[in-house]
$ cat model.pdb   # PDB, C-alpha atoms, pLDDT in the B column
ATOM      1  CA  ARG O 757      65.224  97.983 -24.555  1.00 74.00           C
ATOM      2  CA  GLY O 758      68.415  98.934 -26.332  1.00 75.00           C
ATOM      3  CA  GLY O 759      67.363 102.233 -27.890  1.00 64.00           C
ATOM      4  CA  SER O 760      67.708 104.688 -25.013  1.00 66.00           C
ATOM      5  CA  LYS O 761      68.097 108.254 -26.284  1.00 65.00           C
ATOM      6  CA  GLY O 762      68.889 110.115 -23.040  1.00 67.00           C
ATOM      7  CA  VAL O 763      71.701 107.784 -21.953  1.00 75.00           C
ATOM      8  CA  PRO O 764      72.750 105.537 -24.874  1.00 78.00           C
ATOM      9  CA  GLY O 765      73.359 101.933 -23.836  1.00 86.00           C
ATOM     10  CA  LYS O 766      72.331 102.704 -20.251  1.00 91.00           C
ATOM     11  CA  ASN O 767      70.887  99.272 -19.424  1.00 93.00           C
ATOM     12  CA  ILE O 768      74.320  97.637 -19.680  1.00 94.00           C
ATOM     13  CA  ARG O 769      76.421 100.660 -18.791  1.00 94.00           C
ATOM     14  CA  PRO O 770      78.592  99.983 -15.710  1.00 94.00           C
ATOM     15  CA  LEU O 771      77.348 101.403 -12.421  1.00 94.00           C
ATOM     16  CA  ALA O 772      79.713 100.966  -9.472  1.00 91.00           C
ATOM     17  CA  GLY O 773      81.440  98.067 -11.211  1.00 90.00           C
ATOM     18  CA  ARG O 774      78.545  96.140 -12.702  1.00 93.00           C
ATOM     19  CA  PRO O 775      76.043  96.686 -15.523  1.00 96.00           C
ATOM     20  CA  LEU O 776      72.947  98.664 -14.635  1.00 96.00           C
ATOM     21  CA  ILE O 777      70.649  95.708 -15.385  1.00 96.00           C
ATOM     22  CA  ALA O 778      72.647  93.515 -13.007  1.00 96.00           C
ATOM     23  CA  TRP O 779      71.458  95.586 -10.042  1.00 96.00           C
ATOM     24  CA  THR O 780      67.842  94.635 -10.706  1.00 97.00           C
ATOM     25  CA  ILE O 781      68.675  90.971 -11.350  1.00 97.00           C
ATOM     26  CA  ALA O 782      70.537  90.889  -8.035  1.00 95.00           C
ATOM     27  CA  ALA O 783      67.567  92.449  -6.226  1.00 96.00           C
ATOM     28  CA  THR O 784      65.295  89.612  -7.389  1.00 96.00           C
ATOM     29  CA  ALA O 785      67.676  87.110  -5.786  1.00 95.00           C
ATOM     30  CA  HIS O 786      67.014  88.823  -2.436  1.00 95.00           C
ATOM     31  CA  ALA O 787      63.224  88.610  -2.818  1.00 97.00           C
ATOM     32  CA  PRO O 788      62.311  84.984  -1.988  1.00 96.00           C
ATOM     33  CA  GLU O 789      58.824  85.379  -3.476  1.00 96.00           C
ATOM     34  CA  ILE O 790      60.267  85.794  -6.979  1.00 95.00           C
ATOM     35  CA  ASP O 791      60.349  82.436  -8.781  1.00 93.00           C
ATOM     36  CA  ARG O 792      61.962  83.641 -11.977  1.00 93.00           C
ATOM     37  CA  ALA O 793      63.723  86.790 -13.187  1.00 94.00           C
ATOM     38  CA  VAL O 794      62.798  86.992 -16.871  1.00 96.00           C
ATOM     39  CA  VAL O 795      64.524  89.632 -19.002  1.00 96.00           C
ATOM     40  CA  SER O 796      62.693  91.004 -22.045  1.00 95.00           C
ATOM     41  CA  SER O 797      64.694  92.876 -24.680  1.00 94.00           C
ATOM     42  CA  GLU O 798      65.155  93.171 -28.418  1.00 93.00           C
ATOM     43  CA  ASP O 799      68.870  93.873 -27.920  1.00 92.00           C
ATOM     44  CA  ALA O 800      71.280  90.914 -28.096  1.00 94.00           C
ATOM     45  CA  ALA O 801      73.941  92.641 -25.977  1.00 94.00           C
ATOM     46  CA  ILE O 802      71.441  93.296 -23.189  1.00 95.00           C
ATOM     47  CA  MET O 803      70.244  89.701 -23.299  1.00 95.00           C
ATOM     48  CA  GLU O 804      73.781  88.316 -23.125  1.00 96.00           C
ATOM     49  CA  THR O 805      74.734  90.649 -20.272  1.00 96.00           C
ATOM     50  CA  ALA O 806      71.594  89.648 -18.392  1.00 95.00           C
ATOM     51  CA  ARG O 807      72.479  85.949 -18.731  1.00 96.00           C
ATOM     52  CA  GLN O 808      76.012  86.592 -17.503  1.00 96.00           C
ATOM     53  CA  TRP O 809      74.613  88.175 -14.337  1.00 96.00           C
ATOM     54  CA  GLY O 810      72.032  85.487 -13.592  1.00 95.00           C
ATOM     55  CA  GLY O 811      69.012  86.696 -15.542  1.00 94.00           C
ATOM     56  CA  ASP O 812      66.724  84.387 -17.496  1.00 95.00           C
ATOM     57  CA  ALA O 813      66.411  85.460 -21.148  1.00 94.00           C
ATOM     58  CA  PRO O 814      64.308  82.751 -22.842  1.00 94.00           C
ATOM     59  CA  PHE O 815      63.046  84.832 -25.790  1.00 93.00           C
ATOM     60  CA  MET O 816      63.768  87.984 -27.787  1.00 92.00           C
ATOM     61  CA  ARG O 817      61.287  90.833 -27.630  1.00 91.00           C
ATOM     62  CA  PRO O 818      59.841  91.684 -31.070  1.00 88.00           C
ATOM     63  CA  ALA O 819      61.304  94.886 -32.513  1.00 85.00           C
ATOM     64  CA  GLU O 820      57.837  96.435 -32.797  1.00 88.00           C
ATOM     65  CA  LEU O 821      57.576  96.247 -28.993  1.00 83.00           C
ATOM     66  CA  ALA O 822      60.819  98.177 -28.485  1.00 83.00           C
ATOM     67  CA  ARG O 823      59.996 101.502 -30.120  1.00 83.00           C
ATOM     68  CA  ASP O 824      59.862 104.895 -28.438  1.00 79.00           C
ATOM     69  CA  ASP O 825      56.067 104.895 -28.650  1.00 79.00           C
ATOM     70  CA  THR O 826      55.520 101.321 -27.413  1.00 80.00           C
ATOM     71  CA  PRO O 827      53.136 101.299 -24.419  1.00 85.00           C
ATOM     72  CA  GLY O 828      54.968 100.137 -21.302  1.00 87.00           C
ATOM     73  CA  ILE O 829      52.466  97.353 -20.650  1.00 94.00           C
ATOM     74  CA  ALA O 830      52.952  95.736 -24.099  1.00 93.00           C
ATOM     75  CA  PRO O 831      56.286  93.962 -23.341  1.00 94.00           C
ATOM     76  CA  VAL O 832      54.867  92.652 -20.054  1.00 96.00           C
ATOM     77  CA  LEU O 833      51.846  91.095 -21.748  1.00 96.00           C
ATOM     78  CA  HIS O 834      54.106  89.711 -24.485  1.00 95.00           C
ATOM     79  CA  ALA O 835      56.357  88.078 -21.885  1.00 95.00           C
ATOM     80  CA  LEU O 836      53.381  86.443 -20.186  1.00 96.00           C
ATOM     81  CA  ASP O 837      52.207  85.076 -23.543  1.00 95.00           C
ATOM     82  CA  ALA O 838      55.716  83.926 -24.535  1.00 94.00           C
ATOM     83  CA  LEU O 839      56.258  81.846 -21.393  1.00 95.00           C
ATOM     84  CA  PRO O 840      54.665  78.372 -21.384  1.00 93.00           C
ATOM     85  CA  GLU O 841      54.277  78.425 -17.596  1.00 93.00           C
ATOM     86  CA  ASN O 842      51.363  80.066 -15.802  1.00 93.00           C
ATOM     87  CA  TYR O 843      52.088  82.455 -12.943  1.00 95.00           C
ATOM     88  CA  ASP O 844      49.766  83.988 -10.358  1.00 95.00           C
ATOM     89  CA  TYR O 845      51.559  87.350 -10.138  1.00 97.00           C
ATOM     90  CA  VAL O 846      53.861  89.337 -12.364  1.00 98.00           C
ATOM     91  CA  VAL O 847      56.312  91.931 -11.055  1.00 98.00           C
ATOM     92  CA  LEU O 848      57.693  94.511 -13.476  1.00 98.00           C
ATOM     93  CA  LEU O 849      61.139  95.745 -12.401  1.00 97.00           C
ATOM     94  CA  GLN O 850      62.672  98.376 -14.644  1.00 96.00           C
ATOM     95  CA  PRO O 851      66.500  98.320 -14.693  1.00 95.00           C
ATOM     96  CA  THR O 852      66.589 102.111 -14.403  1.00 95.00           C
ATOM     97  CA  SER O 853      65.805 101.797 -10.669  1.00 96.00           C
ATOM     98  CA  PRO O 854      69.041 100.230  -9.380  1.00 95.00           C
ATOM     99  CA  LEU O 855      68.660 101.234  -5.718  1.00 95.00           C
ATOM    100  CA  ARG O 856      65.388  99.369  -5.135  1.00 95.00           C
ATOM    101  CA  THR O 857      66.110  96.390  -2.855  1.00 95.00           C
ATOM    102  CA  GLY O 858      64.891  92.832  -2.605  1.00 96.00           C
ATOM    103  CA  ALA O 859      63.189  93.851   0.633  1.00 96.00           C
ATOM    104  CA  ASP O 860      61.267  96.532  -1.291  1.00 98.00           C
ATOM    105  CA  ILE O 861      60.035  93.934  -3.771  1.00 98.00           C
ATOM    106  CA  SER O 862      58.939  91.593  -0.970  1.00 98.00           C
ATOM    107  CA  ALA O 863      57.192  94.429   0.866  1.00 98.00           C
ATOM    108  CA  ALA O 864      55.261  95.508  -2.239  1.00 98.00           C
ATOM    109  CA  LEU O 865      54.095  91.942  -2.824  1.00 98.00           C
ATOM    110  CA  ALA O 866      53.120  91.569   0.828  1.00 98.00           C
ATOM    111  CA  LEU O 867      51.109  94.807   0.728  1.00 98.00           C
ATOM    112  CA  CYS O 868      49.280  93.647  -2.386  1.00 98.00           C
ATOM    113  CA  LEU O 869      48.286  90.412  -0.646  1.00 97.00           C
ATOM    114  CA  GLU O 870      47.452  92.013   2.697  1.00 98.00           C
ATOM    115  CA  GLN O 871      45.152  94.560   1.053  1.00 97.00           C
ATOM    116  CA  ASN O 872      43.642  91.915  -1.223  1.00 97.00           C
ATOM    117  CA  ALA O 873      44.413  94.291  -4.089  1.00 98.00           C
ATOM    118  CA  PRO O 874      44.885  93.225  -7.700  1.00 98.00           C
ATOM    119  CA  ALA O 875      47.908  95.494  -8.112  1.00 98.00           C
ATOM    120  CA  CYS O 876      50.524  97.477  -6.201  1.00 98.00           C
ATOM    121  CA  VAL O 877      52.970 100.088  -7.477  1.00 98.00           C
ATOM    122  CA  SER O 878      55.855 101.871  -5.788  1.00 98.00           C
ATOM    123  CA  VAL O 879      55.698 105.602  -5.132  1.00 98.00           C
ATOM    124  CA  SER O 880      57.741 108.216  -3.312  1.00 97.00           C
ATOM    125  CA  ALA O 881      57.229 111.781  -2.169  1.00 93.00           C
ATOM    126  CA  PRO O 882      58.358 114.150  -4.956  1.00 90.00           C
ATOM    127  CA  GLN O 883      61.191 116.553  -4.284  1.00 85.00           C
ATOM    128  CA  HIS O 884      58.946 119.430  -5.349  1.00 82.00           C
ATOM    129  CA  ALA O 885      55.215 119.270  -4.636  1.00 79.00           C
ATOM    130  CA  PRO O 886      52.887 120.364  -7.463  1.00 84.00           C
ATOM    131  CA  TRP O 887      50.931 122.968  -5.499  1.00 80.00           C
ATOM    132  CA  TRP O 888      53.179 125.842  -6.498  1.00 81.00           C
ATOM    133  CA  MET O 889      53.851 124.719 -10.057  1.00 87.00           C
ATOM    134  CA  PHE O 890      52.839 126.664 -13.154  1.00 90.00           C
ATOM    135  CA  ARG O 891      52.489 126.303 -16.878  1.00 92.00           C
ATOM    136  CA  LEU O 892      53.621 129.123 -19.168  1.00 96.00           C
ATOM    137  CA  ASP O 893      51.640 130.449 -22.107  1.00 94.00           C
ATOM    138  CA  GLU O 894      53.205 131.773 -25.300  1.00 93.00           C
ATOM    139  CA  GLY O 895      53.882 135.114 -23.619  1.00 94.00           C
ATOM    140  CA  ARG O 896      55.654 133.434 -20.684  1.00 94.00           C
ATOM    141  CA  ARG O 897      52.799 134.375 -18.377  1.00 95.00           C
ATOM    142  CA  MET O 898      52.353 132.012 -15.457  1.00 92.00           C
ATOM    143  CA  HIS O 899      49.194 129.972 -14.907  1.00 90.00           C
ATOM    144  CA  SER O 900      48.867 127.915 -11.737  1.00 86.00           C
ATOM    145  CA  LEU O 901      48.054 124.226 -12.131  1.00 85.00           C
ATOM    146  CA  PHE O 902      45.500 124.643  -9.340  1.00 82.00           C
ATOM    147  CA  PRO O 903      42.873 127.278  -8.526  1.00 84.00           C
ATOM    148  CA  GLN O 904      44.454 130.123  -6.591  1.00 77.00           C
ATOM    149  CA  ASP O 905      42.015 129.776  -3.695  1.00 77.00           C
ATOM    150  CA  ALA O 906      43.051 126.132  -3.303  1.00 73.00           C
ATOM    151  CA  LEU O 907      46.766 126.823  -2.924  1.00 75.00           C
ATOM    152  CA  PRO O 908      48.260 126.380   0.562  1.00 73.00           C
ATOM    153  CA  ALA O 909      49.817 129.517   1.969  1.00 72.00           C
ATOM    154  CA  ARG O 910      52.722 127.709   3.657  1.00 72.00           C
ATOM    155  CA  ARG O 911      54.784 124.633   2.807  1.00 71.00           C
ATOM    156  CA  GLN O 912      53.750 123.110   6.132  1.00 73.00           C
ATOM    157  CA  ASP O 913      50.104 123.242   5.024  1.00 74.00           C
ATOM    158  CA  MET O 914      50.627 121.301   1.809  1.00 76.00           C
ATOM    159  CA  PRO O 915      48.753 117.985   1.613  1.00 81.00           C
ATOM    160  CA  GLU O 916      51.070 115.011   1.144  1.00 87.00           C
ATOM    161  CA  VAL O 917      51.393 113.881  -2.456  1.00 89.00           C
ATOM    162  CA  TYR O 918      53.196 110.939  -4.040  1.00 94.00           C
ATOM    163  CA  ALA O 919      54.515 110.171  -7.497  1.00 95.00           C
ATOM    164  CA  LEU O 920      55.271 106.935  -9.281  1.00 96.00           C
ATOM    165  CA  ASN O 921      58.977 106.202  -8.947  1.00 96.00           C
ATOM    166  CA  GLY O 922      59.101 103.443 -11.580  1.00 96.00           C
ATOM    167  CA  ALA O 923      60.775 100.884  -9.328  1.00 97.00           C
ATOM    168  CA  ILE O 924      58.116  98.201  -8.717  1.00 98.00           C
ATOM    169  CA  TYR O 925      54.861  97.217 -10.416  1.00 98.00           C
ATOM    170  CA  VAL O 926      52.985  94.174  -9.077  1.00 98.00           C
ATOM    171  CA  ALA O 927      49.779  92.683 -10.471  1.00 98.00           C
ATOM    172  CA  ARG O 928      47.717  89.544 -10.474  1.00 98.00           C
ATOM    173  CA  VAL O 929      48.241  88.041 -13.922  1.00 98.00           C
ATOM    174  CA  ASP O 930      44.593  87.340 -14.737  1.00 97.00           C
ATOM    175  CA  TRP O 931      43.604  90.865 -13.684  1.00 98.00           C
ATOM    176  CA  LEU O 932      46.436  92.473 -15.678  1.00 98.00           C
ATOM    177  CA  ARG O 933      45.473  90.611 -18.839  1.00 97.00           C
ATOM    178  CA  GLU O 934      42.026  92.174 -18.587  1.00 97.00           C
ATOM    179  CA  SER O 935      42.888  95.658 -17.319  1.00 97.00           C
ATOM    180  CA  LYS O 936      46.046  96.036 -19.459  1.00 96.00           C
ATOM    181  CA  THR O 937      47.393  98.518 -16.919  1.00 97.00           C
ATOM    182  CA  PHE O 938      48.888  98.443 -13.432  1.00 98.00           C
ATOM    183  CA  LEU O 939      47.105 101.681 -12.528  1.00 97.00           C
ATOM    184  CA  THR O 940      43.416 101.625 -11.655  1.00 97.00           C
ATOM    185  CA  PRO O 941      41.409 102.858  -8.626  1.00 97.00           C
ATOM    186  CA  GLU O 942      41.984  99.378  -7.120  1.00 97.00           C
ATOM    187  CA  THR O 943      45.778  99.731  -7.164  1.00 98.00           C
ATOM    188  CA  VAL O 944      47.520 100.233  -3.819  1.00 98.00           C
ATOM    189  CA  ALA O 945      50.769 102.131  -3.277  1.00 98.00           C
ATOM    190  CA  TYR O 946      53.976 100.948  -1.677  1.00 98.00           C
ATOM    191  CA  VAL O 947      55.812 104.023  -0.388  1.00 98.00           C
ATOM    192  CA  MET O 948      59.596 104.033  -0.874  1.00 97.00           C
ATOM    193  CA  PRO O 949      62.047 106.584   0.538  1.00 95.00           C
ATOM    194  CA  GLY O 950      63.499 109.092  -1.870  1.00 92.00           C
ATOM    195  CA  GLU O 951      67.044 107.798  -1.511  1.00 90.00           C
ATOM    196  CA  ARG O 952      66.036 104.436  -3.033  1.00 93.00           C
ATOM    197  CA  SER O 953      63.751 105.933  -5.677  1.00 95.00           C
ATOM    198  CA  LEU O 954      66.303 107.243  -8.165  1.00 93.00           C
ATOM    199  CA  ASP O 955      65.132 106.600 -11.740  1.00 94.00           C
ATOM    200  CA  ILE O 956      68.013 106.869 -14.205  1.00 93.00           C
ATOM    201  CA  ASP O 957      66.949 108.850 -17.251  1.00 90.00           C
ATOM    202  CA  THR O 958      69.805 111.333 -17.780  1.00 90.00           C
ATOM    203  CA  GLU O 959      73.577 111.562 -17.476  1.00 91.00           C
ATOM    204  CA  LEU O 960      73.115 113.524 -14.243  1.00 92.00           C
ATOM    205  CA  ASP O 961      71.036 110.663 -12.831  1.00 91.00           C
ATOM    206  CA  PHE O 962      73.934 108.319 -13.573  1.00 90.00           C
ATOM    207  CA  VAL O 963      76.354 110.620 -11.754  1.00 90.00           C
ATOM    208  CA  LEU O 964      74.040 110.703  -8.723  1.00 90.00           C
ATOM    209  CA  ALA O 965      73.666 106.920  -8.793  1.00 91.00           C
ATOM    210  CA  GLU O 966      77.447 106.468  -8.871  1.00 89.00           C
ATOM    211  CA  ALA O 967      77.750 108.705  -5.817  1.00 88.00           C
ATOM    212  CA  VAL O 968      75.463 106.527  -3.676  1.00 86.00           C
ATOM    213  CA  ALA O 969      75.578 103.068  -5.290  1.00 83.00           C
ATOM    214  CA  GLY O 970      78.368 101.770  -3.096  1.00 72.00           C
ATOM    215  CA  GLU O 971      76.261 102.237   0.028  1.00 71.00           C
ATOM    216  CA  TYR O 972      73.461 100.129  -1.439  1.00 63.00           C
ATOM    217  CA  GLN O 973      75.562  97.416  -3.082  1.00 61.00           C
ATOM    218  CA  GLN O 974      75.188  95.109  -0.085  1.00 57.00           C
ATOM    219  CA  LYS O 975      71.510  95.935   0.525  1.00 60.00           C
ATOM    220  CA  ILE O 976      69.850  95.000  -2.746  1.00 57.00           C
TER     221      ILE O 976
END

$ encode --input "model.pdb" --output "structure tokens"
Amino acid sequence: RGGSKGVPGKNIRPLAGRPLIAWTIAATAHAPEIDRAVVSSEDAAIMETARQWGGDAPFMRPAELARDDTPGIAPVLHALDALPENYDYVVLLQPTSPLRTGADISAALALCLEQNAPACVSVSAPQHAPWWMFRLDEGRRMHSLFPQDALPARRQDMPEVYALNGAIYVARVDWLRESKTFLTPETVAYVMPGERSLDIDTELDFVLAEAVAGEYQQKI
């Protein structure tokens, strides 16, 4: 959508010489399983930029599906309804994950099929595990997110945890129409390395992406 608050205009802001959205469009060209790269937006500038870089923009997203409080699944379901063709699988690729590659997309799809799962999402190991995280009350006193007797004593003893990285969401279309979410107990996870899991949400994220984008320009 065009109304980003953290980084205004980020979806078409240049990253290493091309608009941010162009990185995701290019990645689809390197995933042979993808039949069509459909761009959904309410913003005319985003739509035009997407077309210039090879994206398919056959419809405008309704403004009511581009608000801050719009559920993320709503534009996906709208796109499926707006297209006259019927597809077996839908893959949601957010433009804020420019370092995800075509090979990542293909691997996530393959995992979904191999596991006979209705959905697959990409995850990565977080930089900071949650075991030693706290919430603060009004007096700034610390309260552990986990029971004290469940906390590992050493970093080496921490169980592995993973977080959604926002790069890839795969689902069987019929299943998604019913579940209205990519995340259920049936969903499987495609693990991506941290260096390809950058999700651009702040100006600092853009600086970090600029620092490494050149290395990935030929890999998408």

$ atom_distance --input "model.pdb" --atom1 "atom CA of Ser797 of chain O" --atom2 "atom CA of Met816 of chain O"
5.9 Å

$ closest_residue --input "model.pdb" --among "O:Gly811, O:Pro874, O:Pro788, O:Pro840" --to "Ser862 of chain O" --atoms "only C-alpha atoms"
O:Pro788

$ closest_residue --input "model.pdb" --among "O:Ile802, O:Pro827, O:Pro764, O:Ala864" --to "Glu789 of chain O" --atoms "all atoms listed in the file"
O:Ala864

$ residues_around --input "model.pdb" --residues "Gln883 of chain O" --least-positions-apart "4" --cutoff "10 Å" --atoms "only C-alpha atoms" --output "PyMOL selection string"
chain O and resi 918-919+950

$ closest_atom_pairs --input "model.pdb" --of "segment 811-864 of chain O" --to "segment 953-961 of chain O" --cutoff "12 Å" --atoms "all atoms listed in the file" --output "JSON lines"
{"residue": "O:Leu849", "atom": "CA", "partner": "O:Asp955", "partner_atom": "CA", "distance": 11.6}
{"residue": "O:Gln850", "atom": "CA", "partner": "O:Asp955", "partner_atom": "CA", "distance": 9.1}
{"residue": "O:Pro851", "atom": "CA", "partner": "O:Ile956", "partner_atom": "CA", "distance": 8.7}
{"residue": "O:Thr852", "atom": "CA", "partner": "O:Ile956", "partner_atom": "CA", "distance": 5.0}
{"residue": "O:Ser853", "atom": "CA", "partner": "O:Asp955", "partner_atom": "CA", "distance": 5.0}
{"residue": "O:Pro854", "atom": "CA", "partner": "O:Leu954", "partner_atom": "CA", "distance": 7.6}
{"residue": "O:Leu855", "atom": "CA", "partner": "O:Ser953", "partner_atom": "CA", "distance": 6.8}
{"residue": "O:Arg856", "atom": "CA", "partner": "O:Ser953", "partner_atom": "CA", "distance": 6.8}
{"residue": "O:Thr857", "atom": "CA", "partner": "O:Ser953", "partner_atom": "CA", "distance": 10.2}
{"residue": "O:Asp860", "atom": "CA", "partner": "O:Ser953", "partner_atom": "CA", "distance": 10.7}

$ resolve_selection --input "model.pdb" --expression "the PyMOL selection byres ((chain O and resi 838) around 12)" --output "list in words"
Val794, Val795, Ser796, Ala813, Pro814, Phe815, Met816, Arg817, Pro818, Pro831, Val832, Leu833, His834, Ala835, Leu836, Asp837, Leu839, Pro840, Glu841 and Asn842 of chain O

$ closest_residue --input "model.pdb" --among "O:Ile768, O:Leu821, O:Ala801, O:Ala859" --to "Thr784 of chain O" --atoms "all atoms listed in the file"
O:Ala859

$ residues_around --input "model.pdb" --residues "segment 867-871 of chain O" --least-positions-apart "4" --cutoff "8 Å" --atoms "all atoms listed in the file" --output "MDAnalysis selection string"
chainID O and resid 863 875:876 926 944 946

$ axis_aligned_box --input "model.pdb" --around "segment 946-951 of chain O" --padding-each-side "6 Å" --output "lines of an AutoDock Vina configuration file"
center_x = 60.5
center_y = 105.0
center_z = -0.7
size_x = 25.1
size_y = 20.1
size_z = 14.4

$ atom_distance --input "model.pdb" --atom1 "atom CA of Pro949 of chain O" --atom2 "atom CA of Gly828 of chain O"
23.8 Å

$ atom_distance --input "model.pdb" --atom1 "atom CA of Gln912 of chain O" --atom2 "atom CA of Ala945 of chain O"
23.2 Å

$ closest_residue --input "model.pdb" --among "O:Ile781, O:Ala881, O:Ala772, O:Glu798" --to "Val968 of chain O" --atoms "all atoms listed in the file"
O:Ala772

$ closest_residue --input "model.pdb" --among "O:Ala969, O:Val763, O:Ile861, O:Leu771" --to "His786 of chain O" --atoms "all atoms listed in the file"
O:Ile861

$ closest_residue --input "model.pdb" --among "O:Leu964, O:Ala830, O:Ala783, O:Ala927" --to "Asn872 of chain O" --atoms "only C-alpha atoms"
O:Ala927

$ resolve_selection --input "model.pdb" --expression "the PyMOL selection byres ((chain O and resi 920) around 7)" --output "JSON, numbers by chain"
{"O": [878, 879, 880, 918, 919, 921, 922]}

$ resolve_selection --input "model.pdb" --expression "the PyMOL selection byres ((chain O and resi 929) around 8)" --output "list in words"
Tyr843, Asp844, Tyr845, Val846, Ala927, Arg928, Asp930, Trp931, Leu932 and Arg933 of chain O

$ build_atoms --input "model.pdb" --residues "segment 807-824 of chain O" --atoms "N, CA and C atoms" --output "short mmCIF file (atom, residue, chain, number, x, y, z; two decimals), in the coordinates of the input"
data_model
loop_
_atom_site.label_atom_id
_atom_site.label_comp_id
_atom_site.auth_asym_id
_atom_site.auth_seq_id
_atom_site.Cartn_x
_atom_site.Cartn_y
_atom_site.Cartn_z
N ARG O 807 72.17 87.36 -19.01
CA ARG O 807 72.48 85.95 -18.73
C ARG O 807 73.76 85.83 -17.90
N GLN O 808 74.74 86.64 -18.23
CA GLN O 808 76.01 86.59 -17.50
C GLN O 808 75.84 86.93 -16.03
N TRP O 809 74.83 87.73 -15.71
CA TRP O 809 74.61 88.18 -14.34
C TRP O 809 73.44 87.46 -13.67
N GLY O 810 73.02 86.33 -14.25
CA GLY O 810 72.03 85.49 -13.59
C GLY O 810 70.60 85.68 -14.03
N GLY O 811 70.37 86.49 -15.04
CA GLY O 811 69.01 86.70 -15.54
C GLY O 811 68.58 85.57 -16.46
N ASP O 812 67.30 85.41 -16.62
CA ASP O 812 66.72 84.39 -17.50
C ASP O 812 66.21 85.10 -18.74
N ALA O 813 66.79 84.79 -19.90
CA ALA O 813 66.41 85.46 -21.15
C ALA O 813 65.97 84.41 -22.16
N PRO O 814 64.75 83.87 -22.02
CA PRO O 814 64.31 82.75 -22.84
C PRO O 814 63.77 83.13 -24.22
N PHE O 815 63.60 84.42 -24.50
CA PHE O 815 63.05 84.83 -25.79
C PHE O 815 63.51 86.25 -26.09
N MET O 816 63.46 86.61 -27.37
CA MET O 816 63.77 87.98 -27.79
C MET O 816 62.46 88.76 -27.92
N ARG O 817 62.47 89.98 -27.47
CA ARG O 817 61.29 90.83 -27.63
C ARG O 817 61.18 91.27 -29.10
N PRO O 818 60.00 91.21 -29.70
CA PRO O 818 59.84 91.68 -31.07
C PRO O 818 60.22 93.16 -31.19
N ALA O 819 60.84 93.51 -32.31
CA ALA O 819 61.30 94.89 -32.51
C ALA O 819 60.17 95.89 -32.42
N GLU O 820 58.95 95.50 -32.84
CA GLU O 820 57.84 96.44 -32.80
C GLU O 820 57.40 96.74 -31.38
N LEU O 821 57.88 95.97 -30.40
CA LEU O 821 57.58 96.25 -28.99
C LEU O 821 58.74 96.94 -28.29
N ALA O 822 59.66 97.49 -29.07
CA ALA O 822 60.82 98.18 -28.48
C ALA O 822 61.01 99.57 -29.09
N ARG O 823 59.92 100.16 -29.55
CA ARG O 823 60.00 101.50 -30.12
C ARG O 823 59.76 102.55 -29.04
N ASP O 824 60.06 103.79 -29.38
CA ASP O 824 59.86 104.90 -28.44
C ASP O 824 58.41 105.03 -28.02
#
